[in-house]
Amino acid sequence: MNQADSFTLAGRRYTSRLLVGTGKYKDFEETRLAIEASGAQIVTVAIRRTNIGQNAGEPNLLDFLPPSKFTILPNTAGCYSADDAVRTLRLARELLDGHDLVKLEVLGDKDNLFPNMPATLDAAKTLVKEGFKVMVYCTDDPIQCRMLEDIGCVAIMPLASLIGSGMGILNPWNLRLIIDQARVPVLVDAGVGTASDAAVAMELGCDAILMNTAIAGAKNPVLMAGAMNKAVQAGREAFLAGRVPRKFYSADPSSPTEGLIQSKA
C-alpha cells in the first residue's frame, strides 16, 4: 500500500483502495486469510446473512475480523424494499454500538439482482436524515448518481456488471461520466471477475473497488485476494502516471530515428 496515496471516505483516511465482502467463503477462517491477503481495511457484511452478534451461541464474524482492526461496513444485501433496507441498517447500528457508515443496496429482481433505483433513492433519503453515512450501490446512470450525491450519500457505487456475474466493466463510458461529475468517492461495485477487471476500473479513475465473489468464488481465494490487491495498486499507479494517448493510423517508434546509419544504394 502506498501510504501517501490515500483516499478519504466519510472523513476517515484509507490507504487501501480495495474493499472486500465476507460472504461465500467456506468458513470464517478462510474469510480472515483472504481478507488479510487483500490488504483491505474496509470489509462489508450482509447483516441478514452473517452473524455479528445477533445470533447468540453461533460463530461471530467479528471474532475473526475485529472492528479494532477493520472498518466494518454493514450492508443490506437481500433487501427488496426501502423499508427492509432501513430496518436492517438500524439493527446494524444497534449491534455495532452506534456505527453509522453503511452500504445501502435495494434490489429489484431476484434473478439478476439489479438495483431498484426508486426504492434506493427513498431509502437513502431516510437514512441520511437519520444520521447514517451512506455508501450506495446503484446503476451506472450518471443522473441518478448525481441525485444520490445531492441527497447526501458519502460514496457512489455503480455496478460494473451484475452482482456475481464476473463479466467485468461493461460500460466504461458511463463510469467516466460518473467519475468526472462526482464530488464524493466513486467505487466500482459488483461484476469484477479477475485482476485485469480491477486494474481497468482503477485506470478509469475510480477511487476504490468493492468485490466479493471474484475472490471468494475463486479456486484459491487467498491467492486471488493477493492478486486483486496488486491489480488495484497497479491500476491506480497507471491512472496517476497518465497513459499515452491512443493514436489510430499513426505509428510512433519508441526508439529515435535521428542519426540512423543509412544503407548505400
# chains A, B, ... in the order shown; residues from 1 in each chain; ligands from 1

call {"tool": "select_by_dssp", "arguments": {"residues": "stretch 58-225 of chain A", "states": "strand (DSSP E)", "output": "number ranges by chain"}}
result
A: 71-75, 101-104, 133-138, 155-158, 187-189, 208-211

call {"tool": "residues_around", "arguments": {"residues": "A:Ala234", "least_positions_apart": "5", "cutoff": "12 Å", "atoms": "only C-alpha atoms", "output": "list in words"}}
result
Met1, Asn2, Arg17, Leu18, Ala195, Ser196, Asp197, Ala198, Ala199, Val200, Ala201, Met202, Glu203, Ala227, Met228, Asn229, Phe239, Leu240 and Ala241 of chain A

call {"tool": "select_by_dssp", "arguments": {"residues": "stretch 16-218 of chain A", "states": "helix (DSSP H, G or I)", "output": "number ranges by chain"}}
result
A: 28-38, 61-63, 82-95, 117-129, 142-151, 172-181, 195-203, 213-216

call {"tool": "residues_around", "arguments": {"residues": "A:Gly78", "least_positions_apart": "3", "cutoff": "8 Å", "atoms": "only C-alpha atoms", "output": "PyMOL selection string"}}
result
chain A and resi 48+106-107

call {"tool": "write_last_selection", "arguments": {"atoms": "all heavy atoms", "output": "PDB file, in the first residue's frame"}}
result
ATOM      1  N   ARG A  48     -28.205  -9.554   7.084  1.00  0.00           N
ATOM      2  CA  ARG A  48     -29.278 -10.557   7.062  1.00  0.00           C
ATOM      3  C   ARG A  48     -28.732 -11.966   6.863  1.00  0.00           C
ATOM      4  O   ARG A  48     -29.492 -12.933   6.954  1.00  0.00           O
ATOM      5  CB  ARG A  48     -30.286 -10.228   5.958  1.00  0.00           C
ATOM      6  CG  ARG A  48     -30.937  -8.858   6.139  1.00  0.00           C
ATOM      7  CD  ARG A  48     -31.983  -8.580   5.094  1.00  0.00           C
ATOM      8  NE  ARG A  48     -33.153  -9.424   5.259  1.00  0.00           N
ATOM      9  CZ  ARG A  48     -34.285  -9.253   4.573  1.00  0.00           C
ATOM     10  NH1 ARG A  48     -34.398  -8.266   3.710  1.00  0.00           N
ATOM     11  NH2 ARG A  48     -35.304 -10.061   4.759  1.00  0.00           N
ATOM     12  N   VAL A 106     -30.726  -1.783  -2.480  1.00  0.00           N
ATOM     13  CA  VAL A 106     -32.107  -2.253  -2.556  1.00  0.00           C
ATOM     14  C   VAL A 106     -32.275  -2.912  -3.915  1.00  0.00           C
ATOM     15  O   VAL A 106     -32.167  -2.244  -4.946  1.00  0.00           O
ATOM     16  CB  VAL A 106     -33.121  -1.108  -2.383  1.00  0.00           C
ATOM     17  CG1 VAL A 106     -34.537  -1.676  -2.355  1.00  0.00           C
ATOM     18  CG2 VAL A 106     -32.847  -0.317  -1.111  1.00  0.00           C
ATOM     19  N   LEU A 107     -32.514  -4.206  -3.899  1.00  0.00           N
ATOM     20  CA  LEU A 107     -32.551  -4.966  -5.143  1.00  0.00           C
ATOM     21  C   LEU A 107     -33.948  -4.966  -5.744  1.00  0.00           C
ATOM     22  O   LEU A 107     -34.946  -4.836  -5.033  1.00  0.00           O
ATOM     23  CB  LEU A 107     -32.082  -6.399  -4.881  1.00  0.00           C
ATOM     24  CG  LEU A 107     -30.701  -6.514  -4.229  1.00  0.00           C
ATOM     25  CD1 LEU A 107     -30.372  -7.967  -3.932  1.00  0.00           C
ATOM     26  CD2 LEU A 107     -29.638  -5.878  -5.108  1.00  0.00           C
TER      27      LEU A 107
END

call {"tool": "atom_distance", "arguments": {"atom1": "atom CA of A:Leu127", "atom2": "atom CA of A:Arg183"}}
result
19.6 Å

call {"tool": "closest_residue", "arguments": {"among": "A:Ile151, A:Gly39, A:Ile52, A:Arg90", "to": "A:Phe70", "atoms": "only C-alpha atoms"}}
result
A:Gly39

call {"tool": "closest_atom_pairs", "arguments": {"of": "stretch 113-173 of chain A", "to": "stretch 206-215 of chain A", "cutoff": "9 Å", "atoms": "only C-alpha atoms", "output": "CSV"}}
result
residue,atom,partner,partner_atom,distance
A:Met157,CA,A:Leu210,CA,8.5
A:Ile163,CA,A:Thr213,CA,8.2
A:Gly164,CA,A:Thr213,CA,5.6
A:Ser165,CA,A:Thr213,CA,8.5
A:Gly166,CA,A:Ala214,CA,6.7

call {"tool": "closest_residue", "arguments": {"among": "A:Asn174, A:Thr126, A:Thr88, A:Asn60", "to": "A:Asp140", "atoms": "only C-alpha atoms"}}
result
A:Asn174

call {"tool": "residues_around", "arguments": {"residues": "A:Asn51", "least_positions_apart": "2", "cutoff": "7 Å", "atoms": "only C-alpha atoms", "output": "NGL selection string"}}
result
:A and (49 or 53-55 or 60-61)

call {"tool": "write_last_selection", "arguments": {"atoms": "C-alpha atoms", "output": "compact mmCIF listing (two decimals), in the first residue's frame"}}
result
# COMPACT_ATOMS: atom_id res chain seq x y z
CA ARG A 49 -26.86 -13.41 6.31
CA GLY A 53 -23.78 -10.79 17.40
CA GLN A 54 -27.47 -11.03 16.60
CA ASN A 55 -27.40 -14.85 16.93
CA ASN A 60 -19.31 -14.46 15.26
CA LEU A 61 -17.52 -12.91 12.29

call {"tool": "atom_distance", "arguments": {"atom1": "atom CA of A:Gln41", "atom2": "atom CA of A:Lys125"}}
result
27.1 Å

call {"tool": "residues_around", "arguments": {"residues": "A:Gly21", "least_positions_apart": "2", "cutoff": "6 Å", "atoms": "only C-alpha atoms", "output": "ChimeraX atom specification"}}
result
/A:23,43-44,212

call {"tool": "residues_around", "arguments": {"residues": "stretch 144-150 of chain A", "least_positions_apart": "4", "cutoff": "9 Å", "atoms": "only C-alpha atoms", "output": "VMD selection string"}}
result
chain A and resid 117 120 to 121 124 to 125 136 138 to 140 154 to 158 178 181 to 184

call {"tool": "residues_around", "arguments": {"residues": "A:Glu29", "least_positions_apart": "5", "cutoff": "10 Å", "atoms": "only C-alpha atoms", "output": "ChimeraX atom specification"}}
result
/A:34-35,61,64-65
